[in-house]
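Engineer: Sending over a structure as structure tokens; questions will come in a sec.
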Amino acid sequence: MTDYDFKQEANTDYNYGCRPNERSIEEHINKGIFNIDKPSGPTSHEVDNWVKNIMHVSKTGHGGTLDPKVTGVLPVAMNTATKSLQFLLLSPKEYVCLMRLHKPVDEERIMEVLDEFTGKIYQIPPVKSAVKRELRVRNIYQIKLLEIQDNQDVLFRIKCESGTYIRKYCHDIGEVLGCGAHMAELRRTMAGSFEEDESLTTLQDVTDAYYFYKEDGDEKYLRQLIQPMEYTTKYVKKIYVKDSAVDAICHGASLASSGIVKLNSQIHENNTVAVMTLKDELLALGQSLYNANDIISMDTKIVVKIQKVFILPNTYPKMWK
């Protein structure tokens with residue numbers, strides 16, 4: 001998401017707003033997300049609630065529900081940042097899965113079927129799911145076979161589109177192999193920009209960091225553990241706007257082409273986009289009404305329908321009538 005088309009030159013006034021890494025600790029918490037290492041046992045909602053109680057915040061939410069027995073990356077957002085979790089629905093996920101075949105199968109045949117289950121696949125969500133049970137297409141971006149034991153225990157890494165059910169994926173592979181299969185163990189190693197080897201933290205780490213902040217006035221541990229909500233936009237197409245457009249959007253206006261400084265060159269009509277300030281603050285989530293080429297050529301026309309706003313009104317000066 002790094003190729004941008006420039007529409008006009010503009011500077012930003014540092015008397016208003018601030019870069020995400022320069023926020024006060026209170027604002028850092030309010031617009032922050034923990035990359036929690038979810039243990040086996042509790043539900044994702046229980047982990048949410050524990051973070052809420054530990055941090056004494058009014059609201060928490062998680063990005064991508066994990067079943068109780070599944071472990072790994074669970075982004076947990078606080079207060080304002082909970083609205084940014086929608087961006088993770090547009091981002092890929094990665095898992096390490098142990099699949100148990102119900103009968104031994106030749107290793108070469110296992111590898112053939114895994115290759116067949118790469119790219120676009122069809123899935124019907126399982127009975128115990130939060131979505132409507134209807135046939136849908138999901139993308140499997142990559143499968144890496146890690147190990148096979150006794151021609152029955154298959155360990156693999158899978159990178160896939162958000163909303164892919166790995167339990168159903170294993171079941172369907174078992175059907176094609178003709179032996180049956182089930183998901184024995186699962187760990188999520190990536191949810192969008194949140195990865196297993198980057199700032200993964202336990203609930204005990206959160207508890208300790210909050211204690212140091214409240215009892216000793218030491219905020220550095222919380223700053224290390226909390227990622228700004230802008231972190232969710234790594235895989236999302238972006239539009240950067242002038243300071244003069246910020247407060248209008250905060251008061252409910254849609255984005256006009258005249259307020260744009262630069263935008264991702266791959267934006268198409270109806271794409272979900274992240275609207276950013278020139279200080280890299282997440283301003284809004286919206287839907288593009290045109291593609292990037294059309295937006296660049298327009299003088300003054302509404303080009304993005306705003307759906308969610310993340311900055312409070314009057315944070316930037318009013319420059320609109």
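In the structure tokens, each chain is lettered A, B, ... as it comes, each chain's residues begin at 1, and ligands are numbered from 1 in order of appearance.
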Segment 280-315 of chain A: which residues are strand (DSSP E or B) by DSSP, as a ChimeraX atom specification?

Structural biologist: /A:282-288,302-309

Engineer: Limited to N, CA, C and O atoms, could you put the picked residues into a file as a PDB file, in the first residue's frame?

Structural biologist:
ATOM      1  N   LEU A 282      -5.264   8.581  12.214  1.00  0.00           N
ATOM      2  CA  LEU A 282      -6.450   7.994  11.592  1.00  0.00           C
ATOM      3  C   LEU A 282      -7.628   8.929  11.836  1.00  0.00           C
ATOM      4  O   LEU A 282      -8.059   9.110  12.971  1.00  0.00           O
ATOM      5  N   LEU A 283      -8.109   9.533  10.767  1.00  0.00           N
ATOM      6  CA  LEU A 283      -9.222  10.484  10.868  1.00  0.00           C
ATOM      7  C   LEU A 283     -10.564   9.797  10.699  1.00  0.00           C
ATOM      8  O   LEU A 283     -11.497  10.033  11.461  1.00  0.00           O
ATOM      9  N   ALA A 284     -10.687   8.950   9.684  1.00  0.00           N
ATOM     10  CA  ALA A 284     -11.997   8.375   9.385  1.00  0.00           C
ATOM     11  C   ALA A 284     -11.879   7.106   8.557  1.00  0.00           C
ATOM     12  O   ALA A 284     -10.856   6.826   7.930  1.00  0.00           O
ATOM     13  N   LEU A 285     -12.955   6.336   8.584  1.00  0.00           N
ATOM     14  CA  LEU A 285     -13.146   5.182   7.712  1.00  0.00           C
ATOM     15  C   LEU A 285     -14.238   5.559   6.728  1.00  0.00           C
ATOM     16  O   LEU A 285     -15.261   6.143   7.102  1.00  0.00           O
ATOM     17  N   GLY A 286     -14.023   5.272   5.466  1.00  0.00           N
ATOM     18  CA  GLY A 286     -15.025   5.654   4.474  1.00  0.00           C
ATOM     19  C   GLY A 286     -15.050   4.736   3.269  1.00  0.00           C
ATOM     20  O   GLY A 286     -14.248   3.802   3.159  1.00  0.00           O
ATOM     21  N   GLN A 287     -15.969   5.031   2.363  1.00  0.00           N
ATOM     22  CA  GLN A 287     -16.114   4.263   1.123  1.00  0.00           C
ATOM     23  C   GLN A 287     -15.849   5.166  -0.061  1.00  0.00           C
ATOM     24  O   GLN A 287     -16.480   6.227  -0.202  1.00  0.00           O
ATOM     25  N   SER A 288     -14.894   4.763  -0.902  1.00  0.00           N
ATOM     26  CA  SER A 288     -14.575   5.576  -2.081  1.00  0.00           C
ATOM     27  C   SER A 288     -15.705   5.479  -3.105  1.00  0.00           C
ATOM     28  O   SER A 288     -16.248   4.401  -3.353  1.00  0.00           O
ATOM     29  N   ILE A 302     -17.641  15.395  -4.145  1.00  0.00           N
ATOM     30  CA  ILE A 302     -17.613  14.428  -3.058  1.00  0.00           C
ATOM     31  C   ILE A 302     -17.086  13.098  -3.593  1.00  0.00           C
ATOM     32  O   ILE A 302     -17.630  12.546  -4.552  1.00  0.00           O
ATOM     33  N   VAL A 303     -16.010  12.582  -2.963  1.00  0.00           N
ATOM     34  CA  VAL A 303     -15.371  11.370  -3.491  1.00  0.00           C
ATOM     35  C   VAL A 303     -15.322  10.219  -2.479  1.00  0.00           C
ATOM     36  O   VAL A 303     -15.068   9.074  -2.856  1.00  0.00           O
ATOM     37  N   VAL A 304     -15.550  10.521  -1.190  1.00  0.00           N
ATOM     38  CA  VAL A 304     -15.559   9.477  -0.164  1.00  0.00           C
ATOM     39  C   VAL A 304     -16.739   9.700   0.768  1.00  0.00           C
ATOM     40  O   VAL A 304     -16.918  10.795   1.307  1.00  0.00           O
ATOM     41  N   LYS A 305     -17.530   8.666   0.937  1.00  0.00           N
ATOM     42  CA  LYS A 305     -18.619   8.696   1.905  1.00  0.00           C
ATOM     43  C   LYS A 305     -18.065   8.251   3.257  1.00  0.00           C
ATOM     44  O   LYS A 305     -17.593   7.130   3.413  1.00  0.00           O
ATOM     45  N   ILE A 306     -18.094   9.141   4.242  1.00  0.00           N
ATOM     46  CA  ILE A 306     -17.514   8.856   5.556  1.00  0.00           C
ATOM     47  C   ILE A 306     -18.479   8.009   6.382  1.00  0.00           C
ATOM     48  O   ILE A 306     -19.673   8.304   6.474  1.00  0.00           O
ATOM     49  N   GLN A 307     -17.930   6.941   7.002  1.00  0.00           N
ATOM     50  CA  GLN A 307     -18.758   6.023   7.795  1.00  0.00           C
ATOM     51  C   GLN A 307     -18.436   6.064   9.288  1.00  0.00           C
ATOM     52  O   GLN A 307     -19.317   5.886  10.121  1.00  0.00           O
ATOM     53  N   LYS A 308     -17.172   6.274   9.644  1.00  0.00           N
ATOM     54  CA  LYS A 308     -16.777   6.383  11.051  1.00  0.00           C
ATOM     55  C   LYS A 308     -15.705   7.446  11.177  1.00  0.00           C
ATOM     56  O   LYS A 308     -14.847   7.568  10.302  1.00  0.00           O
ATOM     57  N   VAL A 309     -15.750   8.202  12.272  1.00  0.00           N
ATOM     58  CA  VAL A 309     -14.774   9.260  12.521  1.00  0.00           C
ATOM     59  C   VAL A 309     -14.062   8.969  13.843  1.00  0.00           C
ATOM     60  O   VAL A 309     -14.686   8.550  14.824  1.00  0.00           O
TER      61      VAL A 309
END

Engineer: Excluding segment 23-26 of chain A and its own-chain neighbours fewer than 2 positions away, which residues fall within 10 Å of it when counting only C-alpha atoms? Please give them as a ChimeraX atom specification.

Structural biologist: /A:17-21,28-32,213,219-220,222-223,228

Engineer: Print the selection's residues with all heavy atoms to a file, as a compact mmCIF listing (two decimals), in the first residue's frame.

Structural biologist:
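File again.txt, as written:
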# COMPACT_ATOMS: atom_id res chain seq x y z
N GLY A 17 -3.67 18.63 16.75
CA GLY A 17 -3.45 17.20 16.60
C GLY A 17 -2.03 16.83 16.99
O GLY A 17 -1.27 17.65 17.48
N CYS A 18 -1.66 15.58 16.76
CA CYS A 18 -0.27 15.16 17.01
C CYS A 18 -0.04 13.80 16.37
O CYS A 18 -0.98 13.05 16.11
CB CYS A 18 0.04 15.10 18.51
SG CYS A 18 -0.77 13.76 19.40
N ARG A 19 1.21 13.50 16.14
CA ARG A 19 1.55 12.19 15.59
C ARG A 19 1.18 11.10 16.60
O ARG A 19 1.28 11.32 17.82
CB ARG A 19 3.03 12.12 15.26
CG ARG A 19 3.44 13.06 14.13
CD ARG A 19 4.85 12.78 13.67
NE ARG A 19 5.23 13.65 12.56
CZ ARG A 19 4.89 13.44 11.29
NH1 ARG A 19 4.17 12.35 10.98
NH2 ARG A 19 5.26 14.27 10.33
N PRO A 20 0.76 9.93 16.14
CA PRO A 20 0.33 8.87 17.06
C PRO A 20 1.35 8.52 18.14
O PRO A 20 0.97 8.26 19.29
CB PRO A 20 0.09 7.68 16.11
CG PRO A 20 -0.31 8.31 14.82
CD PRO A 20 0.51 9.57 14.72
N ASN A 21 2.64 8.54 17.81
CA ASN A 21 3.65 8.17 18.81
C ASN A 21 3.99 9.30 19.77
O ASN A 21 4.84 9.16 20.65
CB ASN A 21 4.92 7.66 18.13
CG ASN A 21 5.57 8.69 17.23
OD1 ASN A 21 5.07 9.80 17.09
ND2 ASN A 21 6.69 8.33 16.64
N HIS A 28 -2.98 7.75 24.42
CA HIS A 28 -2.38 6.53 23.89
C HIS A 28 -3.21 5.31 24.30
O HIS A 28 -3.42 4.38 23.50
CB HIS A 28 -0.95 6.39 24.41
CG HIS A 28 -0.16 5.29 23.79
ND1 HIS A 28 0.03 5.17 22.43
CD2 HIS A 28 0.50 4.23 24.36
CE1 HIS A 28 0.76 4.09 22.18
NE2 HIS A 28 1.06 3.51 23.33
N ILE A 29 -3.70 5.31 25.53
CA ILE A 29 -4.57 4.23 26.00
C ILE A 29 -5.92 4.29 25.28
O ILE A 29 -6.42 3.28 24.79
CB ILE A 29 -4.76 4.32 27.53
CG1 ILE A 29 -3.44 4.01 28.24
CG2 ILE A 29 -5.87 3.36 28.00
CD1 ILE A 29 -3.46 4.30 29.73
N ASN A 30 -6.49 5.47 25.22
CA ASN A 30 -7.82 5.66 24.62
C ASN A 30 -7.85 5.23 23.15
O ASN A 30 -8.86 4.73 22.66
CB ASN A 30 -8.23 7.13 24.73
CG ASN A 30 -9.61 7.39 24.17
OD1 ASN A 30 -10.59 6.77 24.58
ND2 ASN A 30 -9.69 8.30 23.20
N LYS A 31 -6.74 5.43 22.46
CA LYS A 31 -6.66 5.08 21.03
C LYS A 31 -5.66 3.95 20.80
O LYS A 31 -4.97 3.89 19.78
CB LYS A 31 -6.27 6.31 20.22
CG LYS A 31 -7.32 7.42 20.25
CD LYS A 31 -6.94 8.59 19.36
CE LYS A 31 -8.06 9.63 19.32
NZ LYS A 31 -7.72 10.77 18.45
N GLY A 32 -5.60 3.01 21.77
CA GLY A 32 -4.58 1.98 21.73
C GLY A 32 -5.12 0.56 21.65
O GLY A 32 -6.28 0.29 21.99
N TYR A 213 2.44 1.99 35.97
CA TYR A 213 1.91 3.29 35.55
C TYR A 213 1.18 3.97 36.70
O TYR A 213 1.40 5.16 36.98
CB TYR A 213 0.99 3.09 34.35
CG TYR A 213 0.10 4.25 34.00
CD1 TYR A 213 0.62 5.53 33.80
CD2 TYR A 213 -1.28 4.07 33.88
CE1 TYR A 213 -0.22 6.60 33.48
CE2 TYR A 213 -2.11 5.12 33.54
CZ TYR A 213 -1.58 6.39 33.36
OH TYR A 213 -2.41 7.43 33.05
N GLU A 219 5.19 5.16 32.82
CA GLU A 219 4.31 4.83 31.70
C GLU A 219 5.02 4.10 30.57
O GLU A 219 4.38 3.69 29.59
CB GLU A 219 3.66 6.09 31.14
CG GLU A 219 4.66 7.10 30.58
CD GLU A 219 4.00 8.42 30.20
OE1 GLU A 219 3.30 9.00 31.05
OE2 GLU A 219 4.20 8.85 29.05
N LYS A 220 6.34 3.89 30.67
CA LYS A 220 7.09 3.36 29.52
C LYS A 220 6.67 1.94 29.15
O LYS A 220 6.67 1.57 27.97
CB LYS A 220 8.59 3.42 29.78
CG LYS A 220 9.11 2.48 30.84
CD LYS A 220 10.64 2.60 30.98
CE LYS A 220 11.18 1.66 32.03
NZ LYS A 220 12.64 1.77 32.19
N LEU A 222 3.61 0.53 29.49
CA LEU A 222 2.35 0.60 28.75
C LEU A 222 2.59 1.10 27.33
O LEU A 222 1.99 0.60 26.37
CB LEU A 222 1.35 1.52 29.46
CG LEU A 222 0.50 0.90 30.57
CD1 LEU A 222 -0.47 1.93 31.12
CD2 LEU A 222 -0.25 -0.33 30.08
N ARG A 223 3.45 2.08 27.18
CA ARG A 223 3.75 2.60 25.83
C ARG A 223 4.36 1.51 24.95
O ARG A 223 4.11 1.46 23.75
CB ARG A 223 4.68 3.80 25.92
CG ARG A 223 4.00 5.07 26.42
CD ARG A 223 4.82 6.30 26.14
NE ARG A 223 4.13 7.51 26.55
CZ ARG A 223 3.24 8.17 25.82
NH1 ARG A 223 2.93 7.72 24.61
NH2 ARG A 223 2.67 9.26 26.27
N PRO A 228 -0.75 2.05 18.62
CA PRO A 228 -1.78 3.03 18.25
C PRO A 228 -2.78 2.42 17.28
O PRO A 228 -2.45 1.49 16.53
CB PRO A 228 -0.98 4.16 17.59
CG PRO A 228 0.27 3.51 17.11
CD PRO A 228 0.59 2.42 18.09

Engineer: Fewer than 5 positions away in the same chain doesn't count, so skip those; otherwise give me all residues within 9 Å of Thr232 of chain A, counting only C-alpha atoms, as a ChimeraX atom specification.

Structural biologist: /A:84-88,91,192-194

Engineer: If you measure from atom CA of Ser244 of chain A to atom CA of Leu278 of chain A, what distance in Å do you get, rounded to one decimal?

Structural biologist: 11.0 Å

Engineer: Would you return as a ChimeraX atom specification the members of segment 116-293 of chain A that DSSP assigns to alpha helix (DSSP H) on this structure's backbone?

Structural biologist: /A:116,166-177,203-216,220-225,243-250,292-293

Engineer: For segment 105-120 of chain A, list every protein, DNA or RNA residue within 12 Å, evaluated using only C-alpha atoms, and leave out those in the same chain fewer than 4 positions away; present the list as a PDB file with N, CA and C atoms, in the first residue's frame.

Structural biologist:
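Written out: part27.pdb:
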ATOM      1  N   MET A  99      -3.470 -30.757  11.875  1.00  0.00           N
ATOM      2  CA  MET A  99      -4.637 -31.467  11.353  1.00  0.00           C
ATOM      3  C   MET A  99      -4.424 -32.972  11.548  1.00  0.00           C
ATOM      4  N   ARG A 100      -5.425 -33.631  12.084  1.00  0.00           N
ATOM      5  CA  ARG A 100      -5.357 -35.071  12.314  1.00  0.00           C
ATOM      6  C   ARG A 100      -6.204 -35.793  11.279  1.00  0.00           C
ATOM      7  N   LEU A 101      -5.544 -36.605  10.437  1.00  0.00           N
ATOM      8  CA  LEU A 101      -6.260 -37.443   9.484  1.00  0.00           C
ATOM      9  C   LEU A 101      -6.751 -38.701  10.202  1.00  0.00           C
ATOM     10  N   ARG A 136     -19.757 -19.363   0.469  1.00  0.00           N
ATOM     11  CA  ARG A 136     -19.011 -18.143   0.180  1.00  0.00           C
ATOM     12  C   ARG A 136     -17.588 -18.486  -0.242  1.00  0.00           C
ATOM     13  N   VAL A 137     -16.964 -17.541  -0.902  1.00  0.00           N
ATOM     14  CA  VAL A 137     -15.607 -17.732  -1.417  1.00  0.00           C
ATOM     15  C   VAL A 137     -14.611 -17.093  -0.460  1.00  0.00           C
ATOM     16  N   ARG A 138     -13.518 -17.812  -0.190  1.00  0.00           N
ATOM     17  CA  ARG A 138     -12.436 -17.262   0.612  1.00  0.00           C
ATOM     18  C   ARG A 138     -11.102 -17.560  -0.093  1.00  0.00           C
ATOM     19  N   ASN A 139     -10.137 -16.651   0.089  1.00  0.00           N
ATOM     20  CA  ASN A 139      -8.826 -16.798  -0.541  1.00  0.00           C
ATOM     21  C   ASN A 139      -7.829 -17.414   0.428  1.00  0.00           C
ATOM     22  N   ILE A 140      -7.159 -18.465  -0.018  1.00  0.00           N
ATOM     23  CA  ILE A 140      -6.042 -19.044   0.719  1.00  0.00           C
ATOM     24  C   ILE A 140      -4.780 -18.560   0.010  1.00  0.00           C
ATOM     25  N   TYR A 141      -4.059 -17.633   0.645  1.00  0.00           N
ATOM     26  CA  TYR A 141      -2.923 -16.993  -0.010  1.00  0.00           C
ATOM     27  C   TYR A 141      -1.687 -17.889  -0.047  1.00  0.00           C
ATOM     28  N   GLN A 142      -1.519 -18.683   1.002  1.00  0.00           N
ATOM     29  CA  GLN A 142      -0.306 -19.493   1.074  1.00  0.00           C
ATOM     30  C   GLN A 142      -0.495 -20.652   2.051  1.00  0.00           C
ATOM     31  N   ILE A 143       0.011 -21.826   1.653  1.00  0.00           N
ATOM     32  CA  ILE A 143       0.072 -22.987   2.534  1.00  0.00           C
ATOM     33  C   ILE A 143       1.524 -23.461   2.583  1.00  0.00           C
ATOM     34  N   LYS A 144       2.041 -23.631   3.782  1.00  0.00           N
ATOM     35  CA  LYS A 144       3.392 -24.148   3.932  1.00  0.00           C
ATOM     36  C   LYS A 144       3.339 -25.378   4.828  1.00  0.00           C
ATOM     37  N   LEU A 145       3.642 -26.534   4.249  1.00  0.00           N
ATOM     38  CA  LEU A 145       3.667 -27.768   5.017  1.00  0.00           C
ATOM     39  C   LEU A 145       4.904 -27.781   5.908  1.00  0.00           C
ATOM     40  N   LEU A 146       4.717 -27.968   7.207  1.00  0.00           N
ATOM     41  CA  LEU A 146       5.827 -27.927   8.159  1.00  0.00           C
ATOM     42  C   LEU A 146       6.311 -29.324   8.553  1.00  0.00           C
ATOM     43  N   GLU A 147       5.369 -30.253   8.725  1.00  0.00           N
ATOM     44  CA  GLU A 147       5.766 -31.589   9.169  1.00  0.00           C
ATOM     45  C   GLU A 147       4.603 -32.567   9.009  1.00  0.00           C
ATOM     46  N   ILE A 148       4.912 -33.817   8.695  1.00  0.00           N
ATOM     47  CA  ILE A 148       3.926 -34.900   8.675  1.00  0.00           C
ATOM     48  C   ILE A 148       4.468 -36.048   9.506  1.00  0.00           C
ATOM     49  N   GLN A 149       3.683 -36.529  10.464  1.00  0.00           N
ATOM     50  CA  GLN A 149       4.084 -37.663  11.287  1.00  0.00           C
ATOM     51  C   GLN A 149       3.114 -38.820  11.087  1.00  0.00           C
ATOM     52  N   ASP A 150       3.664 -39.999  10.851  1.00  0.00           N
ATOM     53  CA  ASP A 150       2.877 -41.229  10.720  1.00  0.00           C
ATOM     54  C   ASP A 150       1.800 -41.125   9.643  1.00  0.00           C
ATOM     55  N   ASN A 151       2.014 -40.244   8.666  1.00  0.00           N
ATOM     56  CA  ASN A 151       1.058 -40.042   7.569  1.00  0.00           C
ATOM     57  C   ASN A 151      -0.348 -39.686   8.064  1.00  0.00           C
ATOM     58  N   GLN A 152      -0.426 -39.152   9.295  1.00  0.00           N
ATOM     59  CA  GLN A 152      -1.739 -38.788   9.851  1.00  0.00           C
ATOM     60  C   GLN A 152      -1.762 -37.396  10.491  1.00  0.00           C
ATOM     61  N   ASP A 153      -0.677 -37.036  11.189  1.00  0.00           N
ATOM     62  CA  ASP A 153      -0.619 -35.723  11.839  1.00  0.00           C
ATOM     63  C   ASP A 153       0.084 -34.733  10.908  1.00  0.00           C
ATOM     64  N   VAL A 154      -0.666 -33.754  10.438  1.00  0.00           N
ATOM     65  CA  VAL A 154      -0.170 -32.814   9.428  1.00  0.00           C
ATOM     66  C   VAL A 154      -0.080 -31.423  10.042  1.00  0.00           C
ATOM     67  N   LEU A 155       1.131 -30.905  10.157  1.00  0.00           N
ATOM     68  CA  LEU A 155       1.352 -29.562  10.702  1.00  0.00           C
ATOM     69  C   LEU A 155       1.636 -28.618   9.542  1.00  0.00           C
ATOM     70  N   PHE A 156       0.846 -27.543   9.432  1.00  0.00           N
ATOM     71  CA  PHE A 156       1.033 -26.600   8.333  1.00  0.00           C
ATOM     72  C   PHE A 156       0.749 -25.175   8.776  1.00  0.00           C
ATOM     73  N   ARG A 157       1.326 -24.232   8.031  1.00  0.00           N
ATOM     74  CA  ARG A 157       1.075 -22.808   8.239  1.00  0.00           C
ATOM     75  C   ARG A 157       0.192 -22.318   7.091  1.00  0.00           C
ATOM     76  N   ILE A 158      -0.856 -21.579   7.412  1.00  0.00           N
ATOM     77  CA  ILE A 158      -1.790 -21.111   6.402  1.00  0.00           C
ATOM     78  C   ILE A 158      -2.006 -19.606   6.531  1.00  0.00           C
ATOM     79  N   LYS A 159      -1.864 -18.899   5.419  1.00  0.00           N
ATOM     80  CA  LYS A 159      -2.166 -17.464   5.354  1.00  0.00           C
ATOM     81  C   LYS A 159      -3.413 -17.317   4.504  1.00  0.00           C
ATOM     82  N   CYS A 160      -4.428 -16.685   5.053  1.00  0.00           N
ATOM     83  CA  CYS A 160      -5.736 -16.713   4.399  1.00  0.00           C
ATOM     84  C   CYS A 160      -6.502 -15.409   4.584  1.00  0.00           C
ATOM     85  N   GLU A 161      -7.576 -15.303   3.842  1.00  0.00           N
ATOM     86  CA  GLU A 161      -8.465 -14.153   3.946  1.00  0.00           C
ATOM     87  C   GLU A 161      -9.209 -14.189   5.272  1.00  0.00           C
ATOM     88  N   THR A 164     -12.012 -16.952   7.089  1.00  0.00           N
ATOM     89  CA  THR A 164     -11.804 -18.351   6.719  1.00  0.00           C
ATOM     90  C   THR A 164     -11.901 -19.220   7.975  1.00  0.00           C
ATOM     91  N   ILE A 166     -10.797 -22.403   9.713  1.00  0.00           N
ATOM     92  CA  ILE A 166      -9.762 -23.424   9.591  1.00  0.00           C
ATOM     93  C   ILE A 166     -10.307 -24.798   9.979  1.00  0.00           C
ATOM     94  N   LYS A 168     -13.287 -25.910   9.420  1.00  0.00           N
ATOM     95  CA  LYS A 168     -14.012 -26.385   8.230  1.00  0.00           C
ATOM     96  C   LYS A 168     -13.038 -26.726   7.109  1.00  0.00           C
ATOM     97  N   TYR A 169     -11.950 -25.969   7.018  1.00  0.00           N
ATOM     98  CA  TYR A 169     -10.909 -26.219   6.015  1.00  0.00           C
ATOM     99  C   TYR A 169     -10.340 -27.628   6.202  1.00  0.00           C
ATOM    100  N   CYS A 170     -10.035 -28.001   7.446  1.00  0.00           N
ATOM    101  CA  CYS A 170      -9.508 -29.336   7.727  1.00  0.00           C
ATOM    102  C   CYS A 170     -10.548 -30.415   7.406  1.00  0.00           C
ATOM    103  N   HIS A 171     -11.786 -30.174   7.784  1.00  0.00           N
ATOM    104  CA  HIS A 171     -12.862 -31.134   7.505  1.00  0.00           C
ATOM    105  C   HIS A 171     -12.994 -31.390   6.010  1.00  0.00           C
ATOM    106  N   ASP A 172     -12.940 -30.309   5.213  1.00  0.00           N
ATOM    107  CA  ASP A 172     -13.104 -30.449   3.766  1.00  0.00           C
ATOM    108  C   ASP A 172     -11.924 -31.190   3.137  1.00  0.00           C
ATOM    109  N   ILE A 173     -10.713 -30.964   3.651  1.00  0.00           N
ATOM    110  CA  ILE A 173      -9.548 -31.701   3.157  1.00  0.00           C
ATOM    111  C   ILE A 173      -9.727 -33.194   3.432  1.00  0.00           C
ATOM    112  N   GLY A 174     -10.230 -33.523   4.619  1.00  0.00           N
ATOM    113  CA  GLY A 174     -10.487 -34.924   4.957  1.00  0.00           C
ATOM    114  C   GLY A 174     -11.496 -35.566   4.022  1.00  0.00           C
ATOM    115  N   GLU A 175     -12.495 -34.785   3.601  1.00  0.00           N
ATOM    116  CA  GLU A 175     -13.493 -35.301   2.659  1.00  0.00           C
ATOM    117  C   GLU A 175     -12.852 -35.627   1.321  1.00  0.00           C
ATOM    118  N   VAL A 176     -11.989 -34.738   0.824  1.00  0.00           N
ATOM    119  CA  VAL A 176     -11.333 -34.954  -0.466  1.00  0.00           C
ATOM    120  C   VAL A 176     -10.360 -36.129  -0.384  1.00  0.00           C
ATOM    121  N   LEU A 177      -9.661 -36.256   0.722  1.00  0.00           N
ATOM    122  CA  LEU A 177      -8.732 -37.372   0.894  1.00  0.00           C
ATOM    123  C   LEU A 177      -9.464 -38.700   1.067  1.00  0.00           C
ATOM    124  N   GLY A 178     -10.731 -38.622   1.468  1.00  0.00           N
ATOM    125  CA  GLY A 178     -11.531 -39.829   1.632  1.00  0.00           C
ATOM    126  C   GLY A 178     -11.324 -40.549   2.943  1.00  0.00           C
ATOM    127  N   CYS A 179     -10.637 -39.887   3.872  1.00  0.00           N
ATOM    128  CA  CYS A 179     -10.348 -40.542   5.153  1.00  0.00           C
ATOM    129  C   CYS A 179     -10.976 -39.820   6.335  1.00  0.00           C
ATOM    130  N   GLY A 180     -11.420 -38.594   6.118  1.00  0.00           N
ATOM    131  CA  GLY A 180     -11.892 -37.768   7.218  1.00  0.00           C
ATOM    132  C   GLY A 180     -10.727 -37.093   7.929  1.00  0.00           C
ATOM    133  N   ALA A 181     -10.985 -35.927   8.494  1.00  0.00           N
ATOM    134  CA  ALA A 181      -9.935 -35.191   9.209  1.00  0.00           C
ATOM    135  C   ALA A 181     -10.579 -34.178  10.139  1.00  0.00           C
TER     136      ALA A 181
END

Engineer: Can you pull out the residues contacting Lys59 of chain A? Cut-off 8 Å, using only C-alpha atoms, and skip same-chain residues under 3 positions away; I want them as a list in words.

Structural biologist: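 The neighbour list is Lys52, Met78, Asn79 and Thr82 of chain A.
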
Engineer: Quick one: which segment 75-107 of chain A residues come within 12 Å of segment 40-47 of chain A, and what is the nearest atom pair for each with the distance in Å to one decimal, counting only C-alpha atoms, rows ordered by chain and ascending number, as a Markdown table?

Structural biologist:
| residue | atom | partner | partner_atom | distance |
| --- | --- | --- | --- | --- |
| A:Pro75 | CA | A:Ser44 | CA | 9.9 |
| A:Val76 | CA | A:Val47 | CA | 8.3 |
| A:Ala77 | CA | A:Val47 | CA | 11.2 |

Engineer: Generate the output file for the selected residues, N, CA, C and O atoms, as a JSON list (two decimals), in the first residue's frame.

Structural biologist:
[["chain", "number", "residue", "atom", "x", "y", "z"],
["A", 75, "PRO", "N", -5.84, -9.14, 18.88],
["A", 75, "PRO", "CA", -5.79, -7.70, 19.11],
["A", 75, "PRO", "C", -6.99, -7.26, 19.97],
["A", 75, "PRO", "O", -8.13, -7.55, 19.63],
["A", 76, "VAL", "N", -6.70, -6.59, 21.07],
["A", 76, "VAL", "CA", -7.76, -6.09, 21.96],
["A", 76, "VAL", "C", -7.63, -4.57, 22.03],
["A", 76, "VAL", "O", -6.63, -4.04, 22.51],
["A", 77, "ALA", "N", -8.65, -3.89, 21.53],
["A", 77, "ALA", "CA", -8.64, -2.43, 21.45],
["A", 77, "ALA", "C", -9.42, -1.81, 22.60],
["A", 77, "ALA", "O", -10.34, -2.43, 23.15]]

Engineer: How close does each residue of segment 228-299 of chain A get to segment 92-96 of chain A, giving the shortest atom pair and distance in Å to one decimal for every residue with an atom at most 12 Å away, counting only C-alpha atoms, sorted by chain and residue number, as JSON lines?

Structural biologist:
{"residue": "A:Thr232", "atom": "CA", "partner": "A:Pro92", "partner_atom": "CA", "distance": 11.5}
{"residue": "A:Thr233", "atom": "CA", "partner": "A:Pro92", "partner_atom": "CA", "distance": 11.9}
{"residue": "A:Lys234", "atom": "CA", "partner": "A:Pro92", "partner_atom": "CA", "distance": 10.6}
{"residue": "A:Tyr235", "atom": "CA", "partner": "A:Pro92", "partner_atom": "CA", "distance": 8.2}
{"residue": "A:Val236", "atom": "CA", "partner": "A:Pro92", "partner_atom": "CA", "distance": 10.9}

Engineer: Need the shell around Tyr211 of chain A: protein/DNA/RNA residues with any atom at most 10 Å away, counting only C-alpha atoms. Skip same-chain ones fewer than 5 positions apart. Format as a PyMOL selection string?

Structural biologist: chain A and resi 54-55+205-206+216-219+221-222

Engineer: In Å to one decimal, how far is atom CA of Ala81 of chain A from atom CA of Ile33 of chain A?

Structural biologist: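 Separation between atom CA of Ile33 of chain A and atom CA of Ala81 of chain A: 6.8 Å.
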
Engineer: In terms of the shortest atom-to-atom distance over only C-alpha atoms, which of A:Ser162, A:Thr277, A:Asn293, A:Ser58 is closest to Ile311 of chain A?

Structural biologist: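 Smallest distance to Ile311 of chain A is found for A:Thr277.
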
Engineer: May I have the residues within 12 Å of Gly72 of chain A as a PyMOL selection string, using only C-alpha atoms and disregarding those fewer than 6 positions away in the same chain?

Structural biologist: chain A and resi 35-41+44+64-66+93-97+185-191+194-197+200-202
